[in-house]
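One file, structure.txt, carrying compact mmCIF, C-alpha atoms:
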```
# COMPACT_ATOMS: atom_id res chain seq x y z
CA MET A 1 -42.94 6.68 29.41
CA ILE A 2 -39.28 6.74 28.38
CA LYS A 3 -37.38 3.87 29.98
CA ARG A 4 -34.59 3.16 27.48
CA ILE A 5 -31.67 5.22 26.22
CA VAL A 6 -29.47 4.44 23.23
CA MET A 7 -25.95 5.92 23.31
CA MET A 8 -22.96 5.71 20.97
CA GLU A 9 -19.44 4.35 21.37
CA GLY A 10 -16.60 3.42 19.03
CA GLY A 11 -16.32 6.85 17.41
CA VAL A 12 -14.34 9.73 18.92
CA GLU A 13 -12.81 8.42 22.16
CA THR A 14 -13.56 11.55 24.19
CA LEU A 15 -17.23 11.50 23.22
CA SER A 16 -17.52 7.81 24.08
CA TYR A 17 -16.01 8.61 27.48
CA PHE A 18 -18.51 11.42 28.09
CA SER A 19 -21.34 9.07 27.09
CA HIS A 20 -20.24 6.34 29.50
CA GLN A 21 -19.98 8.89 32.33
CA MET A 22 -23.58 9.93 31.73
CA ALA A 23 -24.77 6.36 31.24
CA GLY A 24 -23.85 5.44 34.81
CA GLU A 25 -26.17 8.16 36.13
CA PHE A 26 -28.94 7.27 33.67
CA GLN A 27 -28.84 3.71 35.02
CA LYS A 28 -29.04 5.00 38.61
CA LEU A 29 -32.13 6.94 37.53
CA GLY A 30 -33.73 3.71 36.37
CA TYR A 31 -33.10 3.77 32.62
CA ALA A 32 -31.85 0.81 30.62
CA VAL A 33 -28.90 1.95 28.48
CA PHE A 34 -27.71 0.34 25.25
CA PHE A 35 -24.42 1.30 23.60
CA TYR A 36 -24.42 1.08 19.82
CA ASP A 37 -20.86 0.35 18.64
CA LEU A 38 -19.95 2.38 15.57
CA LYS A 39 -17.01 0.04 14.95
CA GLN A 40 -19.21 -3.06 15.02
CA GLU A 41 -22.30 -1.83 13.20
CA GLU A 42 -23.45 -5.14 11.79
CA SER A 43 -23.64 -6.90 15.15
CA SER A 44 -24.80 -3.76 16.98
CA ALA A 45 -27.70 -3.12 14.60
CA GLY A 46 -29.44 -6.40 15.43
CA LYS A 47 -28.99 -5.89 19.17
CA LEU A 48 -30.28 -2.34 18.83
CA ARG A 49 -33.53 -3.48 17.25
CA LYS A 50 -34.08 -5.95 20.07
CA PHE A 51 -33.42 -3.23 22.67
CA ILE A 52 -35.77 -0.62 21.24
CA ARG A 53 -39.32 -0.25 22.47
CA PRO A 54 -41.34 2.27 20.42
CA ARG A 55 -42.28 5.37 22.45
CA GLU A 56 -40.16 4.11 25.36
CA THR A 57 -36.74 4.81 23.82
CA VAL A 58 -34.61 7.89 23.07
CA LEU A 59 -31.20 8.43 21.49
CA VAL A 60 -28.68 10.58 23.40
CA THR A 61 -25.60 11.28 21.32
CA PHE A 62 -22.75 13.73 20.67
CA ASN A 63 -21.75 15.41 17.42
CA PHE A 64 -24.29 13.66 15.19
CA GLN A 65 -23.03 10.13 15.88
CA GLY A 66 -25.86 7.86 14.75
CA LEU A 67 -27.31 10.73 12.68
CA GLU A 68 -24.97 10.56 9.68
CA LYS A 69 -26.86 7.88 7.77
CA GLU A 70 -24.69 5.11 9.20
CA ALA A 71 -25.48 1.74 7.62
CA GLY A 72 -26.82 0.17 10.81
CA VAL A 73 -29.42 2.87 11.48
CA TYR A 74 -30.28 4.20 8.01
CA ARG A 75 -31.49 2.61 4.78
CA GLU A 76 -31.80 4.39 1.45
CA GLY A 77 -35.43 4.73 0.48
CA ILE A 78 -36.59 3.89 4.01
CA GLY A 79 -34.78 6.45 6.16
CA TYR A 80 -33.65 6.42 9.76
CA LEU A 81 -34.51 3.62 12.16
CA TRP A 82 -35.13 6.44 14.66
CA ASP A 83 -38.12 7.61 12.58
CA THR A 84 -39.41 4.08 12.07
CA TYR A 85 -39.65 3.60 15.83
CA HIS A 86 -40.63 7.22 16.70
CA ILE A 87 -37.42 7.79 18.68
CA PRO A 88 -36.51 11.33 19.83
CA CYS A 89 -32.86 12.10 19.10
CA TYR A 90 -31.04 14.35 21.57
CA ASN A 91 -27.77 15.51 20.01
CA ILE A 92 -25.20 17.41 22.08
CA ALA A 93 -23.18 19.45 19.57
CA ALA A 94 -19.72 19.85 21.07
CA ASP A 95 -18.71 22.45 18.48
CA HIS A 96 -20.29 25.53 16.95
CA PRO A 97 -23.20 24.94 14.51
CA TYR A 98 -21.16 26.37 11.63
CA PHE A 99 -18.97 23.26 11.85
CA TYR A 100 -22.03 21.12 11.09
CA ASP A 101 -23.87 22.96 8.31
CA ASP A 102 -23.52 19.98 5.97
CA ARG A 103 -24.96 17.67 8.66
CA LEU A 104 -27.84 19.93 9.69
CA LYS A 105 -30.10 18.64 6.94
CA ASP A 106 -32.17 15.52 6.33
CA LEU A 107 -32.25 14.65 10.04
CA PRO A 108 -34.81 12.50 11.90
CA GLU A 109 -38.23 14.01 12.53
CA LYS A 110 -37.70 14.16 16.31
CA TYR A 111 -34.25 15.74 16.22
CA ARG A 112 -33.39 17.81 19.33
CA HIS A 113 -30.30 20.03 19.17
CA ILE A 114 -28.40 20.75 22.41
CA SER A 115 -25.79 23.54 22.56
CA ILE A 116 -22.78 23.71 24.89
CA ASP A 117 -22.56 27.51 24.67
CA ARG A 118 -25.35 30.07 25.01
CA GLY A 119 -24.04 32.09 22.05
CA GLN A 120 -24.01 28.94 19.93
CA LYS A 121 -27.60 28.24 21.02
CA ALA A 122 -28.67 31.70 19.85
CA TYR A 123 -26.88 31.20 16.53
CA PHE A 124 -28.54 27.81 16.01
CA GLU A 125 -31.99 29.20 16.74
CA GLU A 126 -31.50 32.06 14.27
CA PHE A 127 -29.89 30.13 11.43
CA TYR A 128 -31.58 26.70 11.77
CA PRO A 129 -35.19 27.49 12.78
CA GLU A 130 -36.41 24.32 11.07
CA TYR A 131 -35.06 22.25 13.98
CA VAL A 132 -35.89 22.13 17.67
CA SER A 133 -33.30 23.78 19.94
CA ARG A 134 -33.69 21.83 23.19
CA GLY A 135 -31.41 23.93 25.34
CA PHE A 136 -28.00 24.84 26.69
CA LEU A 137 -26.03 22.06 28.36
CA PRO A 138 -22.35 22.85 28.94
CA LEU A 139 -19.65 20.22 28.96
CA ALA A 140 -18.79 18.73 32.36
CA GLY A 141 -15.94 17.14 34.30
CA THR A 142 -14.84 13.84 35.80
CA GLY A 143 -12.83 13.35 38.99
CA LEU A 144 -10.69 10.22 39.40
CA ARG A 145 -9.14 10.55 42.85
CA GLN A 146 -10.66 11.70 46.13
CA GLY A 147 -8.58 13.83 48.49
CA GLU A 148 -6.02 14.59 45.82
CA ASP A 149 -5.65 18.23 46.81
CA GLU A 150 -4.63 17.32 50.37
CA ALA A 151 -2.15 14.72 49.15
CA LYS A 152 -0.60 17.22 46.77
CA THR A 153 0.35 19.60 49.55
CA GLY A 154 1.42 16.92 52.00
CA LYS A 155 -1.55 17.26 54.35
CA ALA A 156 -2.67 13.66 54.07
CA GLY A 157 -0.85 10.64 55.45
CA ALA A 158 2.75 10.28 56.59
CA GLN A 159 5.52 12.41 55.15
CA GLY A 160 6.72 9.55 52.97
CA ASP A 161 3.24 9.10 51.52
CA ALA A 162 2.98 12.82 50.82
CA GLU A 163 6.32 12.81 49.00
CA GLN A 164 5.21 9.84 46.94
CA ALA A 165 1.98 11.65 46.00
CA ALA A 166 3.77 14.89 45.03
CA PRO A 167 2.78 16.21 41.61
CA CYS A 168 4.88 15.24 38.63
CA TYR A 169 3.92 18.32 36.60
CA ASP A 170 4.01 21.97 37.58
CA VAL A 171 2.02 23.08 34.51
CA ILE A 172 0.11 20.89 32.07
CA LEU A 173 -2.01 21.52 28.98
CA THR A 174 -4.07 18.67 27.54
CA GLY A 175 -4.91 19.34 23.90
CA ASN A 176 -3.52 19.29 20.39
CA TYR A 177 -1.77 22.08 18.49
CA THR A 178 -1.82 22.92 14.79
CA LYS A 179 0.84 25.29 13.46
CA LEU A 180 -0.56 28.39 11.80
CA SER A 181 1.10 27.77 8.43
CA PHE A 182 -1.21 24.74 8.06
CA PHE A 183 -4.11 27.16 7.49
CA GLU A 184 -2.49 29.13 4.65
CA PRO A 185 -3.95 26.96 1.85
CA TYR A 186 -7.43 27.52 3.32
CA ILE A 187 -6.91 31.28 3.50
CA ASN A 188 -5.69 31.34 -0.12
CA TRP A 189 -8.02 28.69 -1.57
CA ILE A 190 -9.99 31.02 -3.90
CA ASN A 191 -8.07 34.14 -4.89
CA GLU A 192 -6.21 37.16 -3.50
CA GLU A 193 -9.41 39.15 -2.89
CA TYR A 194 -10.93 36.40 -0.77
CA ALA A 195 -7.60 35.84 1.04
CA ALA A 196 -7.56 39.54 2.02
CA PHE A 197 -11.17 39.21 3.22
CA TYR A 198 -10.31 36.19 5.39
CA ARG A 199 -7.17 37.82 6.77
CA GLY A 200 -9.21 40.88 7.70
CA ILE A 201 -11.52 38.70 9.81
CA ILE A 202 -8.56 36.92 11.44
CA ASP A 203 -6.79 40.21 12.24
CA ASP A 204 -10.00 41.61 13.73
CA LEU A 205 -10.43 38.54 15.95
CA LEU A 206 -6.81 38.63 17.13
CA GLU A 207 -7.24 42.31 18.00
CA HIS A 208 -10.60 41.72 19.72
CA PRO A 209 -10.35 38.24 21.27
CA ALA A 210 -13.50 38.71 23.37
CA CYS A 211 -15.59 38.61 20.17
CA THR A 212 -16.95 35.42 18.64
CA VAL A 213 -16.05 34.29 15.14
CA GLU A 214 -19.65 34.72 13.96
CA GLU A 215 -19.90 38.28 15.31
CA VAL A 216 -16.80 39.38 13.44
CA ALA A 217 -17.35 37.29 10.30
CA LEU A 218 -20.98 38.38 9.88
CA ALA A 219 -20.00 42.03 10.34
CA HIS A 220 -17.34 41.69 7.63
CA CYS A 221 -19.80 39.87 5.34
CA GLU A 222 -22.38 42.64 5.69
CA ARG A 223 -19.76 45.31 5.09
CA GLU A 224 -18.54 43.58 1.92
CA MET A 225 -21.77 42.16 0.48
CA GLY A 226 -24.66 43.92 2.20
CA LYS A 227 -27.49 42.03 3.87
CA GLU A 228 -27.58 38.40 2.77
CA PRO A 229 -30.27 35.81 3.62
CA ASN A 230 -29.48 33.47 6.51
CA ASP A 231 -29.31 30.38 4.32
CA GLN A 232 -26.46 32.00 2.37
CA LEU A 233 -24.71 33.28 5.47
CA ARG A 234 -24.71 29.91 7.18
CA ILE A 235 -23.02 28.38 4.12
CA ALA A 236 -20.46 31.20 4.15
CA LEU A 237 -19.75 30.67 7.86
CA HIS A 238 -19.33 26.93 7.30
CA LYS A 239 -16.63 27.69 4.73
CA MET A 240 -14.80 29.79 7.33
CA ILE A 241 -14.38 27.16 10.04
CA PHE A 242 -10.63 27.30 9.43
CA ILE A 243 -10.76 30.82 10.93
CA ASP A 244 -12.12 29.40 14.20
CA LEU A 245 -9.33 26.80 14.21
CA TYR A 246 -6.71 29.41 13.32
CA VAL A 247 -7.54 31.78 16.16
CA ARG A 248 -7.88 29.07 18.82
CA ASN A 249 -4.49 27.60 17.83
CA TYR A 250 -2.94 31.07 17.70
CA TRP A 251 -3.88 31.75 21.32
CA ARG A 252 -3.24 28.23 22.55
CA GLY A 253 0.24 28.38 21.06
CA LYS A 254 0.84 31.88 22.43
CA ALA A 255 -0.17 30.83 25.96
CA VAL A 256 2.25 27.90 26.00
CA ARG A 257 5.03 29.88 24.31
CA THR A 258 4.64 32.76 26.81
CA LEU A 259 5.20 30.42 29.75
CA VAL A 260 7.99 28.41 28.12
CA ASN A 261 9.83 31.58 27.05
CA ALA A 262 9.61 32.79 30.66
CA GLY A 263 11.48 29.63 31.70
CA ILE A 264 8.42 27.83 33.12
CA PRO A 265 8.28 24.14 32.12
CA VAL A 266 4.98 23.21 30.47
CA HIS A 267 3.91 19.61 29.84
CA VAL A 268 1.80 19.48 26.69
CA VAL A 269 -0.27 16.36 26.03
CA GLY A 270 -1.34 16.02 22.41
CA LYS A 271 -0.34 16.16 18.78
CA GLY A 272 1.57 18.90 17.00
CA TRP A 273 3.42 20.64 19.83
CA GLU A 274 6.84 19.80 18.42
CA GLU A 275 5.99 22.34 15.70
CA LEU A 276 5.34 25.26 18.06
CA GLU A 277 7.14 28.30 16.64
CA ASP A 278 9.49 30.83 18.29
CA VAL A 279 10.32 28.79 21.39
CA ARG A 280 13.36 30.30 23.11
CA HIS A 281 13.70 27.61 25.83
CA PRO A 282 12.83 24.33 24.09
CA GLN A 283 13.96 22.38 27.16
CA CYS A 284 10.92 23.85 28.98
CA LEU A 285 8.48 22.43 26.43
CA LYS A 286 7.80 18.89 27.67
CA LEU A 287 6.14 16.77 24.98
CA HIS A 288 3.71 13.94 25.71
CA PRO A 289 1.81 11.99 23.01
CA GLN A 290 -1.91 12.28 22.47
CA THR A 291 -3.66 9.85 24.79
CA ASP A 292 -7.06 8.76 26.06
CA SER A 293 -9.41 10.54 28.46
CA VAL A 294 -8.51 8.53 31.56
CA THR A 295 -4.77 9.07 31.08
CA CYS A 296 -5.35 12.80 30.69
CA LEU A 297 -7.32 12.84 33.94
CA GLU A 298 -4.56 10.89 35.70
CA MET A 299 -2.00 13.42 34.48
CA LEU A 300 -4.17 16.30 35.68
CA ALA A 301 -4.30 14.59 39.07
CA ASP A 302 -0.50 14.77 39.12
CA ALA A 303 -0.36 18.48 38.19
CA LYS A 304 -0.37 21.73 40.13
CA VAL A 305 -1.62 24.05 37.38
CA SER A 306 -3.69 23.18 34.31
CA LEU A 307 -3.51 25.68 31.46
CA ASN A 308 -6.62 26.13 29.33
CA VAL A 309 -7.45 28.32 26.36
CA MET A 310 -11.13 28.24 25.55
CA PRO A 311 -11.83 26.85 22.05
CA TRP A 312 -13.59 30.07 21.11
CA PHE A 313 -16.63 29.54 23.35
CA LYS A 314 -17.45 32.94 24.82
CA ASP A 315 -20.54 31.86 26.77
CA GLY A 316 -19.98 28.22 27.70
CA ALA A 317 -17.38 26.00 29.38
CA HIS A 318 -14.83 23.40 28.34
CA ASP A 319 -14.58 20.06 30.13
CA ARG A 320 -10.85 20.76 30.64
CA VAL A 321 -11.75 23.44 33.22
CA PHE A 322 -13.94 21.14 35.31
CA ASN A 323 -11.65 18.11 34.87
CA SER A 324 -8.70 20.14 36.18
CA ILE A 325 -10.48 21.28 39.32
CA LEU A 326 -12.02 17.86 40.09
CA ASN A 327 -8.56 16.30 39.87
CA GLY A 328 -6.82 18.83 42.09
CA ALA A 329 -5.20 21.27 39.66
CA VAL A 330 -5.89 25.01 39.55
CA CYS A 331 -7.15 25.90 36.08
CA VAL A 332 -5.55 29.01 34.61
CA THR A 333 -7.86 29.99 31.76
CA ASP A 334 -9.25 32.84 29.74
CA PRO A 335 -12.78 33.66 30.92
CA SER A 336 -16.19 33.21 29.34
CA CYS A 337 -19.44 34.87 30.44
CA TYR A 338 -20.79 31.54 31.68
CA LEU A 339 -17.59 30.48 33.44
CA GLU A 340 -17.38 33.75 35.35
CA GLU A 341 -20.97 33.26 36.54
CA GLU A 342 -20.27 29.73 37.76
CA LEU A 343 -16.71 30.06 39.11
CA HIS A 344 -15.46 33.33 40.51
CA GLU A 345 -11.75 34.13 40.56
CA GLY A 346 -10.12 31.85 43.14
CA GLU A 347 -12.86 29.19 42.95
CA GLY A 348 -10.75 26.56 41.21
CA VAL A 349 -9.79 29.03 38.49
CA CYS A 350 -7.45 31.94 37.90
CA TYR A 351 -8.52 34.04 34.94
CA VAL A 352 -6.13 35.65 32.48
CA ALA A 353 -7.66 37.54 29.56
CA LEU A 354 -6.10 36.69 26.21
CA GLN A 355 -5.21 40.33 25.62
CA ASP A 356 -3.35 40.32 28.97
CA MET A 357 -1.15 37.33 28.12
CA ASP A 358 1.96 39.09 29.43
CA ALA A 359 0.52 38.68 32.95
CA LEU A 360 0.39 34.89 32.56
CA PRO A 361 3.94 33.96 33.76
CA GLU A 362 3.67 35.92 37.03
CA LYS A 363 0.24 34.49 37.79
CA VAL A 364 1.49 30.94 37.20
CA LYS A 365 4.70 31.49 39.22
CA ASP A 366 2.65 32.80 42.15
CA LEU A 367 0.48 29.70 42.08
CA LEU A 368 3.45 27.32 41.87
CA GLN A 369 5.17 28.98 44.82
CA ASN A 370 2.15 28.93 47.14
CA ASP A 371 1.09 25.36 47.87
CA SER A 372 -1.42 26.20 50.60
CA GLY A 373 -3.02 29.01 48.59
CA ARG A 374 -3.24 26.84 45.50
CA ASN A 375 -4.78 24.03 47.50
CA GLU A 376 -7.39 26.41 48.93
CA ILE A 377 -8.31 27.60 45.43
CA VAL A 378 -8.86 23.99 44.33
CA ARG A 379 -10.87 23.20 47.48
CA ARG A 380 -13.25 26.10 46.90
CA GLY A 381 -13.70 25.25 43.25
CA ARG A 382 -14.11 21.54 43.74
CA ALA A 383 -17.07 22.03 46.11
CA ILE A 384 -18.90 23.94 43.35
CA VAL A 385 -17.93 21.66 40.48
CA GLU A 386 -18.84 18.47 42.33
CA GLN A 387 -22.29 19.88 43.01
CA LYS A 388 -23.05 21.39 39.60
CA HIS A 389 -20.66 20.41 36.82
CA THR A 390 -20.20 16.64 36.60
CA TRP A 391 -21.55 14.39 33.85
CA ALA A 392 -23.94 12.94 36.43
CA GLN A 393 -25.47 16.42 36.79
CA ARG A 394 -25.74 16.76 33.02
CA ALA A 395 -27.47 13.35 32.83
CA LYS A 396 -30.01 14.50 35.44
CA THR A 397 -30.76 17.62 33.41
CA LEU A 398 -31.19 15.57 30.25
CA ALA A 399 -33.42 13.07 32.04
CA ALA A 400 -35.66 15.94 33.16
CA TRP A 401 -35.88 17.27 29.58
CA ILE A 402 -36.66 13.81 28.23
CA ALA A 403 -39.44 13.31 30.78
CA GLU A 404 -40.82 16.79 30.10
CA ASP A 405 -40.90 16.20 26.32
CA ALA A 406 -42.48 12.77 26.69
CA ALA A 407 -45.30 14.25 28.79
CA GLN A 408 -46.29 16.70 26.06
```
Can you give me the file's structure in the form of structure tokens?
Amino acid sequence: MIKRIVMMEGGVETLSYFSHQMAGEFQKLGYAVFFYDLKQEESSAGKLRKFIRPRETVLVTFNFQGLEKEAGVYREGIGYLWDTYHIPCYNIAADHPYFYDDRLKDLPEKYRHISIDRGQKAYFEEFYPEYVSRGFLPLAGTGLRQGEDEAKTGKAGAQGDAEQAAPCYDVILTGNYTKLSFFEPYINWINEEYAAFYRGIIDDLLEHPACTVEEVALAHCEREMGKEPNDQLRIALHKMIFIDLYVRNYWRGKAVRTLVNAGIPVHVVGKGWEELEDVRHPQCLKLHPQTDSVTCLEMLADAKVSLNVMPWFKDGAHDRVFNSILNGAVCVTDPSCYLEEELHEGEGVCYVALQDMDALPEKVKDLLQNDSGRNEIVRRGRAIVEQKHTWAQRAKTLAAWIAEDAAQ
């Protein structure tokens, strides 16, 4: 019977935060949780060995942390500590499998891959059949303040309290930006023929933003080279990850620019926004430095509208959507198949298709001018998200999978 869970901290701050959110629920469910510190491997490794009980312990991690032959858990000639102690490894991949092709090899025997998008799950199962695909588990949200939506519209407490709790930000976007010129060396890294091939894929994606990168890239590959075996295609897709990053930054930049150029102030939290191109009203682009997860949540709690552009998931959800709603901000976002199933228009979200970006300023202005309507949208969405889309809910799902696997 599984009673112990190993998790990772000290790597990417966001992933450590997600892990700690889940750990609290795991502990409520009766598991002992140990955090292995990737910054303090020498001291953590000894504590880890004392914590582990063979056949009673699993690893739950994000993005291959603890599965990259780190010194504390892997020894050349011996292999992973996870194999030595027969530990199942549940890895939540927070990006598409083509980002990880170089890591999806030489993994522990009991590796379990978890996808945050149903399309990514299908891709993984087709291109990496040698590994177990454990399931689809979308990202989730965290709420910091209770009753924030009432406070925002002045319904809670005395008038002075309501004024004090008034939002600081009309529109906020939490996330980094990379200017498009950064990707030029990657487009041109081989020769002119390849550059034209890559630009053809990019142009196709910008014209058809409802398509995934793999759909378009694989179609172009087949047209140019005929049918190729999957092991060759997955290498080719891995070499095109800059295309994914290009198109997501193109649309993220366009969304912010569209609002700013319409005279709507947008607070952007993250790196790179000072390099946003073609900004006609720079005074409306409010720059904030990249920060940690809790500070981002606090800023969302002080916002009316949270702008989101999906990072090219077409059948999953980003934590930014759920975080926004849980902290009292309406999330204006492009849709995904999964999001539209879980949250209908007006249930915490207002959808704007990428190809309809010109409609974005009016939709945002309407939200900003209607406090009671905006508050009602958040209220409806929060009831759903609190019930289904918190990290506690994701921990419960994982715990059920772990118990199910252990019983086999």
What's around Lys121 (chain A) at 12 Å? Count all atoms listed in the file, leave out sequence neighbours fewer than 2 positions away in its own chain, and write the answer as a short mmCIF file (atom, residue, chain, number, x, y, z; two decimals) with C-alpha atoms, in the frame of the given file.
```
data_model
loop_
_atom_site.label_atom_id
_atom_site.label_comp_id
_atom_site.auth_asym_id
_atom_site.auth_seq_id
_atom_site.Cartn_x
_atom_site.Cartn_y
_atom_site.Cartn_z
CA ILE A 92 -25.20 17.41 22.08
CA ALA A 93 -23.18 19.45 19.57
CA ALA A 94 -19.72 19.85 21.07
CA ASP A 95 -18.71 22.45 18.48
CA HIS A 96 -20.29 25.53 16.95
CA PRO A 97 -23.20 24.94 14.51
CA TYR A 98 -21.16 26.37 11.63
CA HIS A 113 -30.30 20.03 19.17
CA ILE A 114 -28.40 20.75 22.41
CA SER A 115 -25.79 23.54 22.56
CA ILE A 116 -22.78 23.71 24.89
CA ASP A 117 -22.56 27.51 24.67
CA ARG A 118 -25.35 30.07 25.01
CA GLY A 119 -24.04 32.09 22.05
CA TYR A 123 -26.88 31.20 16.53
CA PHE A 124 -28.54 27.81 16.01
CA GLU A 125 -31.99 29.20 16.74
CA GLU A 126 -31.50 32.06 14.27
CA PHE A 127 -29.89 30.13 11.43
CA TYR A 128 -31.58 26.70 11.77
CA PRO A 129 -35.19 27.49 12.78
CA TYR A 131 -35.06 22.25 13.98
CA VAL A 132 -35.89 22.13 17.67
CA SER A 133 -33.30 23.78 19.94
CA ARG A 134 -33.69 21.83 23.19
CA GLY A 135 -31.41 23.93 25.34
CA PHE A 136 -28.00 24.84 26.69
CA LEU A 137 -26.03 22.06 28.36
CA PRO A 138 -22.35 22.85 28.94
CA PHE A 313 -16.63 29.54 23.35
CA LYS A 314 -17.45 32.94 24.82
CA ASP A 315 -20.54 31.86 26.77
CA GLY A 316 -19.98 28.22 27.70
#
```
| said: At a cut-off of 6 Å, using all atoms listed in the file, what residues contact region 387-404 of chain A? Leave out same-chain residues fewer than 5 positions from it and give the result as a list of chain:residue names. | reply: A:Gln21, A:Met22, A:Glu25, A:Ala140, A:Gly141
| field | Close residues, region 166-183 of chain A itself excluded, 6 Å, only C-alpha atoms, min 5 positions apart in chain, as a list of chain:residue names | value | A:Lys152, A:Val266, A:His267, A:Val268, A:Val269, A:Gly270, A:Lys271, A:Gly272, A:Trp273, A:Asp302, A:Ala303, A:Lys304, A:Val305, A:Ser306, A:Leu307
| said: Would you pick out the contacts of Val332 (chain A) at 6 Å or less, using only C-alpha atoms, so that residues sharing its chain but fewer than 2 positions from it are not included, and give the list as a list in words? | reply: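 In the requested form, the answer reads Leu307, Val349, Cys350 and Tyr351 of chain A.
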Size and centre in Å, one decimal, axis-aligned box, all listed region 75-91 of chain A atoms plus 6 Å per side, as AutoDock Vina command-line options:
```
--center_x -34.2 --center_y 9.1 --center_z 11.0 --size_x 24.9 --size_y 24.9 --size_z 33.1
```
| request: Have a look at CA of Leu233 (chain A) and CA of Ala219 (chain A) and let me know their distance in Å, one decimal. | output: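 If I compute the distance from CA of Leu233 (chain A) to CA of Ala219 (chain A), I get 11.1 Å.
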For region 277-285 of chain A, find every residue with an atom within 9 Å (counting only C-alpha atoms), except residues of its own chain fewer than 3 positions away, and show them as an mmCIF file with C-alpha atoms, keeping the file's coordinate frame.
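See result.cif below for the written result:
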```
data_model
loop_
_atom_site.group_PDB
_atom_site.id
_atom_site.type_symbol
_atom_site.label_atom_id
_atom_site.label_comp_id
_atom_site.auth_asym_id
_atom_site.auth_seq_id
_atom_site.Cartn_x
_atom_site.Cartn_y
_atom_site.Cartn_z
ATOM 1 C CA LYS A 179 0.840 25.290 13.460
ATOM 2 C CA GLY A 253 0.240 28.380 21.060
ATOM 3 C CA VAL A 256 2.250 27.900 26.000
ATOM 4 C CA ARG A 257 5.030 29.880 24.310
ATOM 5 C CA THR A 258 4.640 32.760 26.810
ATOM 6 C CA LEU A 259 5.200 30.420 29.750
ATOM 7 C CA VAL A 260 7.990 28.410 28.120
ATOM 8 C CA ASN A 261 9.830 31.580 27.050
ATOM 9 C CA ALA A 262 9.610 32.790 30.660
ATOM 10 C CA GLY A 263 11.480 29.630 31.700
ATOM 11 C CA ILE A 264 8.420 27.830 33.120
ATOM 12 C CA PRO A 265 8.280 24.140 32.120
ATOM 13 C CA VAL A 266 4.980 23.210 30.470
ATOM 14 C CA HIS A 267 3.910 19.610 29.840
ATOM 15 C CA VAL A 268 1.800 19.480 26.690
ATOM 16 C CA TRP A 273 3.420 20.640 19.830
ATOM 17 C CA GLU A 274 6.840 19.800 18.420
#
```
| request: Compute the distance from (-37.4, 12.5, 20.2) to each atom, counting all atoms listed in the file, keep the residues with any atom at most 8 Å away, and return them as a list in words; use the coordinates of the file. | output: Val58, Leu59, His86, Ile87, Pro88, Cys89, Tyr90, Glu109, Lys110, Tyr111, Arg112 and Asp405 of chain A
| remark: Here CA of Leu104 (chain A) and CA of Tyr80 (chain A) stand apart by 14.7 Å
| task | Tell me, in Å to one decimal, how far CA of Glu42 (chain A) is from CA of Thr291 (chain A). | result |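 Interatomic distance, CA of Glu42 (chain A) to CA of Thr291 (chain A): 28.0 Å.
Restricting the calculation to all atoms listed in the file, the smallest distance between Pro54 (chain A) and any of A:Asn323, A:Thr84, A:Gln40, A:Thr212 is found for A:Thr84.
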| message | Taking only C-alpha atoms into account, name the residue in A:Lys365, A:Pro185, A:Thr14, A:Ile243 that is nearest to Arg320 (chain A). | response | A:Thr14
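Using only C-alpha atoms, the nearest neighbour of Ser43 (chain A) within the list A:Gly10, A:Gly24, A:Pro209, A:Gly72 is A:Gly72.
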| request: Rank A:Gly226, A:Lys28, A:Glu362, A:Ala406 by their smallest atom-to-atom distance to Arg55 (chain A), using all atoms listed in the file, and report the top residue only. | output: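 Residue with the minimum atom-to-atom distance to Arg55 (chain A): A:Ala406.
You can rank A:Leu38, A:Ala255, A:Thr142, A:Cys331 by their closest distance to Asp358 (chain A) using all atoms listed in the file, and at the top of that list sits A:Ala255.
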| said: Using only C-alpha atoms, can you tell me which of A:Val330, A:Val12, A:Val247, A:Cys337 comes closest to Glu207 (chain A)? | reply: A:Val247
